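Below is the file start-v9.pdb, which contains PDB, C-alpha atoms and all ligand atoms.
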ATOM      1  CA  MET X   6     146.094 195.062  90.254
ATOM      2  CA  THR X   7     143.228 192.724  91.172
ATOM      3  CA  ASN X   8     141.538 190.831  88.378
ATOM      4  CA  THR X   9     137.823 190.819  89.168
ATOM      5  CA  LYS X  10     136.858 189.000  85.981
ATOM      6  CA  GLN X  11     135.445 185.529  86.564
ATOM      7  CA  PRO X  12     136.414 182.530  84.480
ATOM      8  CA  SER X  13     133.800 181.659  81.843
ATOM      9  CA  GLY X  14     131.237 178.899  82.235
ATOM     10  CA  GLY X  15     129.932 179.935  85.654
ATOM     11  CA  ALA X  16     133.044 178.984  87.617
ATOM     12  CA  ARG X  17     134.527 181.364  90.167
ATOM     13  CA  ALA X  18     138.250 181.906  90.610
ATOM     14  CA  SER X  19     137.908 179.657  93.689
ATOM     15  CA  GLY X  20     136.892 176.844  91.342
ATOM     16  CA  LYS X  21     133.425 176.683  92.940
ATOM     17  CA  PRO X  22     130.599 177.211  90.455
ATOM     18  CA  HIS X  23     128.573 180.371  90.925
ATOM     19  CA  VAL X  24     124.912 179.461  91.358
ATOM     20  CA  CYS X  25     121.878 181.662  91.726
ATOM     21  CA  PRO X  26     121.341 182.559  95.433
ATOM     22  CA  VAL X  27     118.202 181.139  97.009
ATOM     23  CA  TRP X  28     116.761 184.589  97.744
ATOM     24  CA  ILE X  29     116.791 185.264  93.998
ATOM     25  CA  GLY X  30     114.923 181.970  93.584
ATOM     26  CA  TYR X  31     111.967 183.628  95.376
ATOM     27  CA  LEU X  32     112.110 186.622  93.028
ATOM     28  CA  LEU X  33     112.324 184.374  89.958
ATOM     29  CA  ALA X  34     109.095 182.658  91.006
ATOM     30  CA  SER X  35     107.215 185.978  91.216
ATOM     31  CA  PRO X  36     104.105 186.314  89.011
ATOM     32  CA  VAL X  37     105.374 189.780  87.949
ATOM     33  CA  ARG X  38     107.943 187.977  85.765
ATOM     34  CA  ARG X  39     105.117 186.784  83.510
ATOM     35  CA  TRP X  40     104.882 190.322  82.095
ATOM     36  CA  PHE X  41     108.159 189.910  80.235
ATOM     37  CA  GLU X  42     108.620 186.122  80.172
ATOM     38  CA  ASN X  43     105.414 184.149  79.821
ATOM     39  CA  PRO X  44     105.950 180.403  80.461
ATOM     40  CA  GLU X  45     102.756 179.250  78.739
ATOM     41  CA  ARG X  46     103.591 181.236  75.599
ATOM     42  CA  ILE X  47     107.043 179.594  75.438
ATOM     43  CA  LEU X  48     105.892 176.068  76.331
ATOM     44  CA  ALA X  49     102.435 175.696  74.794
ATOM     45  CA  PRO X  50     103.597 175.155  71.166
ATOM     46  CA  LEU X  51     105.542 172.006  72.199
ATOM     47  CA  ALA X  52     104.248 170.680  75.534
ATOM     48  CA  ARG X  53     101.432 168.119  75.263
ATOM     49  CA  PRO X  54      99.318 166.066  77.680
ATOM     50  CA  GLY X  55     100.929 162.765  78.648
ATOM     51  CA  GLN X  56     104.521 163.824  77.931
ATOM     52  CA  LEU X  57     107.574 163.170  80.073
ATOM     53  CA  ALA X  58     109.165 166.590  80.601
ATOM     54  CA  LEU X  59     112.453 167.637  82.143
ATOM     55  CA  ASP X  60     113.212 171.014  83.751
ATOM     56  CA  VAL X  61     116.964 171.428  84.315
ATOM     57  CA  GLY X  62     117.834 174.131  86.869
ATOM     58  CA  CYS X  63     114.170 174.424  87.892
ATOM     59  CA  ALA X  64     114.767 176.638  90.986
ATOM     60  CA  MET X  65     111.358 177.235  92.631
ATOM     61  CA  GLY X  66     109.396 176.257  89.573
ATOM     62  CA  PHE X  67     108.460 179.350  87.579
ATOM     63  CA  PHE X  68     108.508 177.089  84.490
ATOM     64  CA  THR X  69     107.963 173.727  86.251
ATOM     65  CA  LEU X  70     104.416 174.501  87.392
ATOM     66  CA  PRO X  71     103.082 175.594  83.962
ATOM     67  CA  LEU X  72     104.880 172.598  82.434
ATOM     68  CA  ALA X  73     103.140 170.283  84.928
ATOM     69  CA  ARG X  74      99.765 171.776  83.982
ATOM     70  CA  LEU X  75     100.475 171.348  80.257
ATOM     71  CA  VAL X  76     101.549 167.671  80.499
ATOM     72  CA  GLY X  77      98.442 167.052  82.609
ATOM     73  CA  PRO X  78      97.612 164.282  85.076
ATOM     74  CA  GLN X  79      98.871 161.552  82.697
ATOM     75  CA  GLY X  80     102.214 163.313  82.190
ATOM     76  CA  ARG X  81     105.231 163.720  84.436
ATOM     77  CA  VAL X  82     107.861 166.380  85.007
ATOM     78  CA  VAL X  83     111.319 165.618  86.348
ATOM     79  CA  ALA X  84     112.648 168.826  87.924
ATOM     80  CA  VAL X  85     116.388 168.971  88.630
ATOM     81  CA  ASP X  86     118.369 171.511  90.602
ATOM     82  CA  VAL X  87     121.772 171.595  92.240
ATOM     83  CA  GLN X  88     120.388 173.347  95.384
ATOM     84  CA  GLN X  89     118.138 171.483  97.821
ATOM     85  CA  LYS X  90     116.643 174.775  99.071
ATOM     86  CA  MET X  91     115.371 175.539  95.572
ATOM     87  CA  LEU X  92     113.759 172.084  95.444
ATOM     88  CA  ASP X  93     112.209 172.679  98.897
ATOM     89  CA  GLY X  94     110.652 175.913  97.594
ATOM     90  CA  LEU X  95     109.429 174.064  94.513
ATOM     91  CA  ALA X  96     107.845 171.318  96.667
ATOM     92  CA  ARG X  97     105.940 173.910  98.732
ATOM     93  CA  ARG X  98     104.586 175.628  95.609
ATOM     94  CA  LEU X  99     103.582 172.308  94.011
ATOM     95  CA  ARG X 100     101.720 171.181  97.151
ATOM     96  CA  LYS X 101      99.829 174.488  97.386
ATOM     97  CA  ARG X 102      98.625 174.145  93.795
ATOM     98  CA  GLY X 103      97.817 170.429  93.868
ATOM     99  CA  LEU X 104     100.517 169.505  91.328
ATOM    100  CA  ALA X 105     102.914 167.541  93.537
ATOM    101  CA  ASP X 106     101.854 164.140  92.193
ATOM    102  CA  ARG X 107     103.034 164.865  88.656
ATOM    103  CA  VAL X 108     106.439 166.390  89.457
ATOM    104  CA  GLU X 109     109.458 164.461  90.705
ATOM    105  CA  SER X 110     112.300 166.617  91.992
ATOM    106  CA  ARG X 111     115.899 165.457  91.847
ATOM    107  CA  LEU X 112     119.077 166.969  93.285
ATOM    108  CA  SER X 113     122.030 167.109  90.923
ATOM    109  CA  ASP X 114     125.631 167.131  92.116
ATOM    110  CA  ALA X 115     129.207 167.428  90.945
ATOM    111  CA  HIS X 116     128.762 164.199  88.952
ATOM    112  CA  GLY X 117     126.098 165.821  86.812
ATOM    113  CA  LEU X 118     122.394 165.327  86.267
ATOM    114  CA  PRO X 119     120.701 162.328  87.919
ATOM    115  CA  LEU X 120     119.077 161.094  84.721
ATOM    116  CA  ASP X 121     120.564 157.616  84.180
ATOM    117  CA  ASP X 122     117.137 155.960  84.300
ATOM    118  CA  LEU X 123     115.671 158.307  81.670
ATOM    119  CA  ALA X 124     117.739 157.386  78.593
ATOM    120  CA  ALA X 125     115.834 158.085  75.352
ATOM    121  CA  SER X 126     112.576 158.783  77.203
ATOM    122  CA  VAL X 127     112.137 162.556  77.597
ATOM    123  CA  ASP X 128     109.728 164.288  75.196
ATOM    124  CA  ILE X 129     110.518 167.864  76.121
ATOM    125  CA  ALA X 130     113.403 169.355  78.106
ATOM    126  CA  LEU X 131     113.712 172.866  79.393
ATOM    127  CA  ILE X 132     116.858 174.731  80.387
ATOM    128  CA  VAL X 133     116.101 178.336  81.263
ATOM    129  CA  HIS X 134     118.735 180.826  82.454
ATOM    130  CA  VAL X 135     121.005 178.046  83.706
ATOM    131  CA  VAL X 136     123.887 177.578  81.238
ATOM    132  CA  HIS X 137     125.802 180.613  82.545
ATOM    133  CA  GLU X 138     126.047 178.875  85.948
ATOM    134  CA  VAL X 139     127.347 175.550  84.648
ATOM    135  CA  PRO X 140     131.122 174.972  84.555
ATOM    136  CA  ASP X 141     130.892 172.451  81.693
ATOM    137  CA  PRO X 142     127.809 173.177  79.555
ATOM    138  CA  GLY X 143     128.963 170.650  76.912
ATOM    139  CA  ALA X 144     128.784 167.805  79.440
ATOM    140  CA  LEU X 145     125.384 169.010  80.666
ATOM    141  CA  PHE X 146     123.918 169.116  77.148
ATOM    142  CA  SER X 147     125.371 165.703  76.388
ATOM    143  CA  GLN X 148     123.527 164.286  79.428
ATOM    144  CA  ILE X 149     120.310 165.982  78.331
ATOM    145  CA  ALA X 150     120.758 164.599  74.788
ATOM    146  CA  THR X 151     121.092 161.061  76.186
ATOM    147  CA  ALA X 152     117.810 161.475  78.058
ATOM    148  CA  MET X 153     115.907 162.733  74.991
ATOM    149  CA  LYS X 154     113.515 160.581  73.005
ATOM    150  CA  PRO X 155     114.305 160.697  69.271
ATOM    151  CA  GLY X 156     112.387 163.705  67.936
ATOM    152  CA  GLY X 157     112.066 165.261  71.403
ATOM    153  CA  TRP X 158     112.443 168.992  71.958
ATOM    154  CA  VAL X 159     114.993 170.900  74.031
ATOM    155  CA  ILE X 160     113.925 174.460  74.819
ATOM    156  CA  GLY X 161     116.759 176.725  75.902
ATOM    157  CA  VAL X 162     116.225 180.278  77.109
ATOM    158  CA  LYS X 163     118.994 182.659  78.041
ATOM    159  CA  ARG X 164     119.158 186.331  78.863
ATOM    160  CA  LYS X 165     120.591 188.505  76.172
ATOM    161  CA  VAL X 166     123.702 190.277  77.350
ATOM    162  CA  GLY X 167     125.086 193.627  76.250
ATOM    163  CA  PRO X 168     123.170 196.487  74.648
ATOM    164  CA  ALA X 169     120.631 194.138  73.033
ATOM    165  CA  ALA X 170     119.393 193.304  76.538
ATOM    166  CA  ALA X 171     118.139 196.836  77.102
ATOM    167  CA  ASP X 172     114.582 195.766  76.242
ATOM    168  CA  GLY X 173     114.756 193.026  78.908
ATOM    169  CA  ARG X 174     113.745 190.276  76.466
ATOM    170  CA  SER X 175     115.079 186.742  76.464
ATOM    171  CA  ALA X 176     116.394 184.679  73.609
ATOM    172  CA  VAL X 177     114.563 181.416  73.036
ATOM    173  CA  GLY X 178     116.249 178.747  70.962
TER     174      GLY X 178
HETATM  175  C1  LIG C   1     118.994 181.715  87.389
HETATM  176  S1  LIG C   1     118.240 180.258  88.080
HETATM  177  C2  LIG C   1     116.975 179.921  86.857
HETATM  178  C3  LIG C   1     115.884 179.059  87.436
HETATM  179  C4  LIG C   1     114.718 178.683  86.544
HETATM  180  N1  LIG C   1     115.127 177.923  85.382
HETATM  181  C5  LIG C   1     113.944 179.903  86.140
HETATM  182  O1  LIG C   1     114.051 180.336  84.996
HETATM  183  O2  LIG C   1     113.215 180.416  87.009
HETATM  184  C6  LIG C   1     119.400 178.956  87.761
HETATM  185  C7  LIG C   1     119.086 177.669  88.529
HETATM  186  O3  LIG C   1     119.930 176.643  88.000
HETATM  187  C8  LIG C   1     120.422 175.882  89.083
HETATM  188  N2  LIG C   1     121.665 175.235  88.631
HETATM  189  C9  LIG C   1     122.887 175.786  88.451
HETATM  190  N3  LIG C   1     123.766 174.873  88.017
HETATM  191  C10 LIG C   1     123.078 173.706  87.906
HETATM  192  C11 LIG C   1     123.434 172.385  87.512
HETATM  193  N4  LIG C   1     124.683 172.083  87.145
HETATM  194  N5  LIG C   1     122.476 171.421  87.521
HETATM  195  C12 LIG C   1     121.212 171.732  87.905
HETATM  196  N6  LIG C   1     120.828 172.966  88.293
HETATM  197  C13 LIG C   1     121.737 173.931  88.302
HETATM  198  C14 LIG C   1     120.594 176.888  90.212
HETATM  199  O4  LIG C   1     120.641 176.275  91.484
HETATM  200  C15 LIG C   1     119.363 177.769  90.008
HETATM  201  O5  LIG C   1     118.260 177.296  90.724
END
Written as structure tokens, how would this file's structure read?
Amino acid sequence: MTNTKQPSGGARASGKPHVCPVWIGYLLASPVRRWFENPERILAPLARPGQLALDVGCAMGFFTLPLARLVGPQGRVVAVDVQQKMLDGLARRLRKRGLADRVESRLSDAHGLPLDDLAASVDIALIVHVVHEVPDPGALFSQIATAMKPGGWVIGVKRKVGPAAADGRSAVG
């Protein structure tokens, strides 16, 4: 009998982490998504002009762009993804909307998030629908914690699974 179950934490049986395909990245950036997951409604209570923000697993920027607008021209967003093609899509969308100068994209790798220069400096960090793809979420959150300013906010959003997901809503914590 073949076991089709995948190991937990986003790793495949091959040992390679399962990451969101790039074609889904285009769908995730669709404005239709705003009907059931509104970035401004999630971010506005905590994001402020002038902040340093972090978007972990940014894909093509469905949350990065609103975050960049909320931190304003004096603020900065560091957007991290493990796939260069997602960051390329993000760069195109930022250029089109005149937001490229306030967002710095960074490619993460097997060694983790490229955040060494940001220790204790991030005001607000976002990690939306990413944890299920990460083989070692504990290590990821520890790196995010190191980057956070004391009193900073980490916003995590994940899809509900099981019957509770029938309404299509997300859990925000
Ligand atoms: C389902 S998508 C969600 C994208 C975005 N946060 C959103 O809500 O539109 C997950 C993204 O996380 C990225 N990702 C997966 N593992 C990662 C890791 N270890 N570090 C950074 N990004 C990662 C994937 O490449 C993908 O772009």
Quiz item: Residues picked by the PyMOL selection byres (((chain X and resi 141-155) around 12) and not hetatm) here, as JSON, numbers by chain?
Solution: {"X": [12, 13, 14, 15, 16, 22, 56, 57, 58, 59, 60, 61, 62, 83, 85, 113, 114, 115, 116, 117, 118, 119, 120, 121, 122, 123, 124, 125, 126, 127, 128, 129, 130, 131, 132, 135, 136, 137, 138, 139, 140, 156, 157, 158, 159, 160, 161]}
Just want the 10 Å neighbourhood of range 89-102 of chain X, counted on all atoms listed in the file, with same-chain residues fewer than 4 positions away dropped. Output as a PDB file with C-alpha atoms, in the coordinates of the input.
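And here is the file that came out, out_7.pdb:
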ATOM      1  CA  CYS X  25     121.878 181.662  91.726  1.00  0.00           C
ATOM      2  CA  PRO X  26     121.341 182.559  95.433  1.00  0.00           C
ATOM      3  CA  VAL X  27     118.202 181.139  97.009  1.00  0.00           C
ATOM      4  CA  TRP X  28     116.761 184.589  97.744  1.00  0.00           C
ATOM      5  CA  ILE X  29     116.791 185.264  93.998  1.00  0.00           C
ATOM      6  CA  GLY X  30     114.923 181.970  93.584  1.00  0.00           C
ATOM      7  CA  TYR X  31     111.967 183.628  95.376  1.00  0.00           C
ATOM      8  CA  ALA X  34     109.095 182.658  91.006  1.00  0.00           C
ATOM      9  CA  GLY X  62     117.834 174.131  86.869  1.00  0.00           C
ATOM     10  CA  CYS X  63     114.170 174.424  87.892  1.00  0.00           C
ATOM     11  CA  ALA X  64     114.767 176.638  90.986  1.00  0.00           C
ATOM     12  CA  MET X  65     111.358 177.235  92.631  1.00  0.00           C
ATOM     13  CA  GLY X  66     109.396 176.257  89.573  1.00  0.00           C
ATOM     14  CA  PHE X  67     108.460 179.350  87.579  1.00  0.00           C
ATOM     15  CA  THR X  69     107.963 173.727  86.251  1.00  0.00           C
ATOM     16  CA  LEU X  70     104.416 174.501  87.392  1.00  0.00           C
ATOM     17  CA  ALA X  73     103.140 170.283  84.928  1.00  0.00           C
ATOM     18  CA  ALA X  84     112.648 168.826  87.924  1.00  0.00           C
ATOM     19  CA  VAL X  85     116.388 168.971  88.630  1.00  0.00           C
ATOM     20  CA  ASP X 106     101.854 164.140  92.193  1.00  0.00           C
ATOM     21  CA  ARG X 107     103.034 164.865  88.656  1.00  0.00           C
ATOM     22  CA  VAL X 108     106.439 166.390  89.457  1.00  0.00           C
ATOM     23  CA  GLU X 109     109.458 164.461  90.705  1.00  0.00           C
ATOM     24  CA  SER X 110     112.300 166.617  91.992  1.00  0.00           C
ATOM     25  CA  ARG X 111     115.899 165.457  91.847  1.00  0.00           C
ATOM     26  CA  LEU X 112     119.077 166.969  93.285  1.00  0.00           C
ATOM     27  CA  SER X 113     122.030 167.109  90.923  1.00  0.00           C
TER      28      SER X 113
END
Quiz item: Pick the closest to ligand LIG 1 (chain C) from X:His23, X:Leu72, X:Leu48, X:Trp40: which is it, counting only C-alpha atoms and all ligand atoms?
Solution: X:His23
Quiz item: Quick one, how far is CA of Pro78 in chain X from CA of Gly55 in chain X?
Solution: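 These atoms are spaced 7.4 Å apart.
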Self-check item: Length of the CA of Gly77 in chain X to CA of Arg38 in chain X vector [Å]
Solution: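 Separation of CA of Gly77 in chain X and CA of Arg38 in chain X: 23.2 Å.
From atom C1 of ligand LIG 1 (chain C) back to CA of Lys163 in chain X, the distance works out to 9.4 Å.
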Mind giving me the axis-aligned box for ligand LIG 1 (chain C) with 6 Å on every side, centre plus edges in Å to one decimal, as lines of an AutoDock Vina configuration file?
center_x = 118.9
center_y = 176.6
center_z = 88.2
size_x = 23.5
size_y = 22.3
size_z = 18.5
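Distance annotation: of X:Glu42, X:Leu104, X:Arg53, X:Pro71, the residue with the minimal separation from Arg164 in chain X is X:Glu42; atom set is all atoms listed in the file.
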Exercise. Could you check which of X:Val162, X:Val37, X:Leu75, X:Ala105 is closest to ligand LIG 1 (chain C), using all atoms listed in the file?
Key: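 Answer, going by the shortest atom-to-atom distance: X:Val162.
Nearest residue to ligand LIG 1 (chain C) among X:Phe41, X:Pro36, X:Val133, X:Val82 is X:Val133, counting all atoms listed in the file.
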Quiz item: Which is closer to ligand LIG 1 (chain C) than all the others in X:Glu45, X:Val76, X:Phe68, X:Arg81, using only C-alpha atoms and all ligand atoms?
Solution: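 Of X:Glu45, X:Val76, X:Phe68, X:Arg81, the one nearest ligand LIG 1 (chain C) is X:Phe68, counting only C-alpha atoms and all ligand atoms.
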Using the partial input, fill out range 61-96 of chain X with N, CA and C atoms; write the result as a PDB file, in the frame of the given file.
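Result went into rebuild06.pdb, see below:
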ATOM      1  N   VAL X  61     115.601 171.422  83.749  1.00  0.00           N
ATOM      2  CA  VAL X  61     116.964 171.428  84.315  1.00  0.00           C
ATOM      3  C   VAL X  61     117.249 172.808  84.916  1.00  0.00           C
ATOM      4  N   GLY X  62     117.622 172.846  86.183  1.00  0.00           N
ATOM      5  CA  GLY X  62     117.834 174.131  86.869  1.00  0.00           C
ATOM      6  C   GLY X  62     116.487 174.778  87.145  1.00  0.00           C
ATOM      7  N   CYS X  63     115.586 174.010  87.747  1.00  0.00           N
ATOM      8  CA  CYS X  63     114.170 174.424  87.892  1.00  0.00           C
ATOM      9  C   CYS X  63     113.989 175.539  88.914  1.00  0.00           C
ATOM     10  N   ALA X  64     114.917 175.702  89.851  1.00  0.00           N
ATOM     11  CA  ALA X  64     114.767 176.638  90.986  1.00  0.00           C
ATOM     12  C   ALA X  64     113.419 176.376  91.668  1.00  0.00           C
ATOM     13  N   MET X  65     112.621 177.432  91.886  1.00  0.00           N
ATOM     14  CA  MET X  65     111.358 177.235  92.631  1.00  0.00           C
ATOM     15  C   MET X  65     110.173 177.032  91.702  1.00  0.00           C
ATOM     16  N   GLY X  66     110.454 176.801  90.423  1.00  0.00           N
ATOM     17  CA  GLY X  66     109.396 176.257  89.573  1.00  0.00           C
ATOM     18  C   GLY X  66     108.609 177.234  88.717  1.00  0.00           C
ATOM     19  N   PHE X  67     109.199 178.401  88.426  1.00  0.00           N
ATOM     20  CA  PHE X  67     108.460 179.350  87.579  1.00  0.00           C
ATOM     21  C   PHE X  67     108.023 178.695  86.266  1.00  0.00           C
ATOM     22  N   PHE X  68     108.881 177.826  85.705  1.00  0.00           N
ATOM     23  CA  PHE X  68     108.508 177.089  84.490  1.00  0.00           C
ATOM     24  C   PHE X  68     107.960 175.694  84.808  1.00  0.00           C
ATOM     25  N   THR X  69     108.373 175.110  85.933  1.00  0.00           N
ATOM     26  CA  THR X  69     107.963 173.727  86.251  1.00  0.00           C
ATOM     27  C   THR X  69     106.451 173.620  86.422  1.00  0.00           C
ATOM     28  N   LEU X  70     105.853 174.600  87.107  1.00  0.00           N
ATOM     29  CA  LEU X  70     104.416 174.501  87.392  1.00  0.00           C
ATOM     30  C   LEU X  70     103.574 174.590  86.109  1.00  0.00           C
ATOM     31  N   PRO X  71     103.829 175.575  85.232  1.00  0.00           N
ATOM     32  CA  PRO X  71     103.082 175.594  83.962  1.00  0.00           C
ATOM     33  C   PRO X  71     103.321 174.333  83.134  1.00  0.00           C
ATOM     34  N   LEU X  72     104.558 173.828  83.165  1.00  0.00           N
ATOM     35  CA  LEU X  72     104.880 172.598  82.434  1.00  0.00           C
ATOM     36  C   LEU X  72     104.045 171.438  82.988  1.00  0.00           C
ATOM     37  N   ALA X  73     103.929 171.352  84.298  1.00  0.00           N
ATOM     38  CA  ALA X  73     103.140 170.283  84.928  1.00  0.00           C
ATOM     39  C   ALA X  73     101.663 170.388  84.527  1.00  0.00           C
ATOM     40  N   ARG X  74     101.169 171.618  84.401  1.00  0.00           N
ATOM     41  CA  ARG X  74      99.765 171.776  83.982  1.00  0.00           C
ATOM     42  C   ARG X  74      99.599 171.335  82.537  1.00  0.00           C
ATOM     43  N   LEU X  75     100.588 171.673  81.687  1.00  0.00           N
ATOM     44  CA  LEU X  75     100.475 171.348  80.257  1.00  0.00           C
ATOM     45  C   LEU X  75     100.601 169.840  79.995  1.00  0.00           C
ATOM     46  N   VAL X  76     101.433 169.122  80.730  1.00  0.00           N
ATOM     47  CA  VAL X  76     101.549 167.671  80.499  1.00  0.00           C
ATOM     48  C   VAL X  76     100.379 166.929  81.146  1.00  0.00           C
ATOM     49  N   GLY X  77      99.686 167.595  82.061  1.00  0.00           N
ATOM     50  CA  GLY X  77      98.442 167.052  82.609  1.00  0.00           C
ATOM     51  C   GLY X  77      98.652 165.895  83.569  1.00  0.00           C
ATOM     52  N   PRO X  78      97.528 165.338  84.060  1.00  0.00           N
ATOM     53  CA  PRO X  78      97.612 164.282  85.076  1.00  0.00           C
ATOM     54  C   PRO X  78      98.261 162.998  84.559  1.00  0.00           C
ATOM     55  N   GLN X  79      98.233 162.766  83.247  1.00  0.00           N
ATOM     56  CA  GLN X  79      98.871 161.552  82.697  1.00  0.00           C
ATOM     57  C   GLN X  79     100.362 161.776  82.419  1.00  0.00           C
ATOM     58  N   GLY X  80     100.819 163.005  82.477  1.00  0.00           N
ATOM     59  CA  GLY X  80     102.214 163.313  82.190  1.00  0.00           C
ATOM     60  C   GLY X  80     103.031 163.379  83.464  1.00  0.00           C
ATOM     61  N   ARG X  81     104.331 163.648  83.278  1.00  0.00           N
ATOM     62  CA  ARG X  81     105.231 163.720  84.436  1.00  0.00           C
ATOM     63  C   ARG X  81     106.336 164.718  84.127  1.00  0.00           C
ATOM     64  N   VAL X  82     106.732 165.461  85.151  1.00  0.00           N
ATOM     65  CA  VAL X  82     107.861 166.380  85.007  1.00  0.00           C
ATOM     66  C   VAL X  82     108.951 165.960  85.981  1.00  0.00           C
ATOM     67  N   VAL X  83     110.169 165.828  85.470  1.00  0.00           N
ATOM     68  CA  VAL X  83     111.319 165.618  86.348  1.00  0.00           C
ATOM     69  C   VAL X  83     112.023 166.967  86.466  1.00  0.00           C
ATOM     70  N   ALA X  84     112.090 167.496  87.679  1.00  0.00           N
ATOM     71  CA  ALA X  84     112.648 168.826  87.924  1.00  0.00           C
ATOM     72  C   ALA X  84     113.973 168.671  88.674  1.00  0.00           C
ATOM     73  N   VAL X  85     115.048 169.179  88.060  1.00  0.00           N
ATOM     74  CA  VAL X  85     116.388 168.971  88.630  1.00  0.00           C
ATOM     75  C   VAL X  85     117.001 170.304  89.040  1.00  0.00           C
ATOM     76  N   ASP X  86     117.594 170.324  90.208  1.00  0.00           N
ATOM     77  CA  ASP X  86     118.369 171.511  90.602  1.00  0.00           C
ATOM     78  C   ASP X  86     119.542 171.068  91.464  1.00  0.00           C
ATOM     79  N   VAL X  87     120.562 171.909  91.488  1.00  0.00           N
ATOM     80  CA  VAL X  87     121.772 171.595  92.240  1.00  0.00           C
ATOM     81  C   VAL X  87     121.648 172.077  93.698  1.00  0.00           C
ATOM     82  N   GLN X  88     120.565 172.826  94.030  1.00  0.00           N
ATOM     83  CA  GLN X  88     120.388 173.347  95.384  1.00  0.00           C
ATOM     84  C   GLN X  88     119.115 172.770  96.017  1.00  0.00           C
ATOM     85  N   GLN X  89     119.291 172.095  97.137  1.00  0.00           N
ATOM     86  CA  GLN X  89     118.138 171.483  97.821  1.00  0.00           C
ATOM     87  C   GLN X  89     117.119 172.540  98.242  1.00  0.00           C
ATOM     88  N   LYS X  90     117.592 173.748  98.612  1.00  0.00           N
ATOM     89  CA  LYS X  90     116.643 174.775  99.071  1.00  0.00           C
ATOM     90  C   LYS X  90     115.725 175.234  97.945  1.00  0.00           C
ATOM     91  N   MET X  91     116.240 175.220  96.709  1.00  0.00           N
ATOM     92  CA  MET X  91     115.371 175.539  95.572  1.00  0.00           C
ATOM     93  C   MET X  91     114.299 174.452  95.435  1.00  0.00           C
ATOM     94  N   LEU X  92     114.719 173.186  95.574  1.00  0.00           N
ATOM     95  CA  LEU X  92     113.759 172.084  95.444  1.00  0.00           C
ATOM     96  C   LEU X  92     112.739 172.114  96.588  1.00  0.00           C
ATOM     97  N   ASP X  93     113.158 172.560  97.782  1.00  0.00           N
ATOM     98  CA  ASP X  93     112.209 172.679  98.897  1.00  0.00           C
ATOM     99  C   ASP X  93     111.147 173.726  98.573  1.00  0.00           C
ATOM    100  N   GLY X  94     111.596 174.857  97.996  1.00  0.00           N
ATOM    101  CA  GLY X  94     110.652 175.913  97.594  1.00  0.00           C
ATOM    102  C   GLY X  94     109.707 175.403  96.513  1.00  0.00           C
ATOM    103  N   LEU X  95     110.257 174.644  95.579  1.00  0.00           N
ATOM    104  CA  LEU X  95     109.429 174.064  94.513  1.00  0.00           C
ATOM    105  C   LEU X  95     108.365 173.144  95.125  1.00  0.00           C
ATOM    106  N   ALA X  96     108.779 172.283  96.059  1.00  0.00           N
ATOM    107  CA  ALA X  96     107.845 171.318  96.667  1.00  0.00           C
ATOM    108  C   ALA X  96     106.686 172.051  97.353  1.00  0.00           C
TER     109      ALA X  96
END
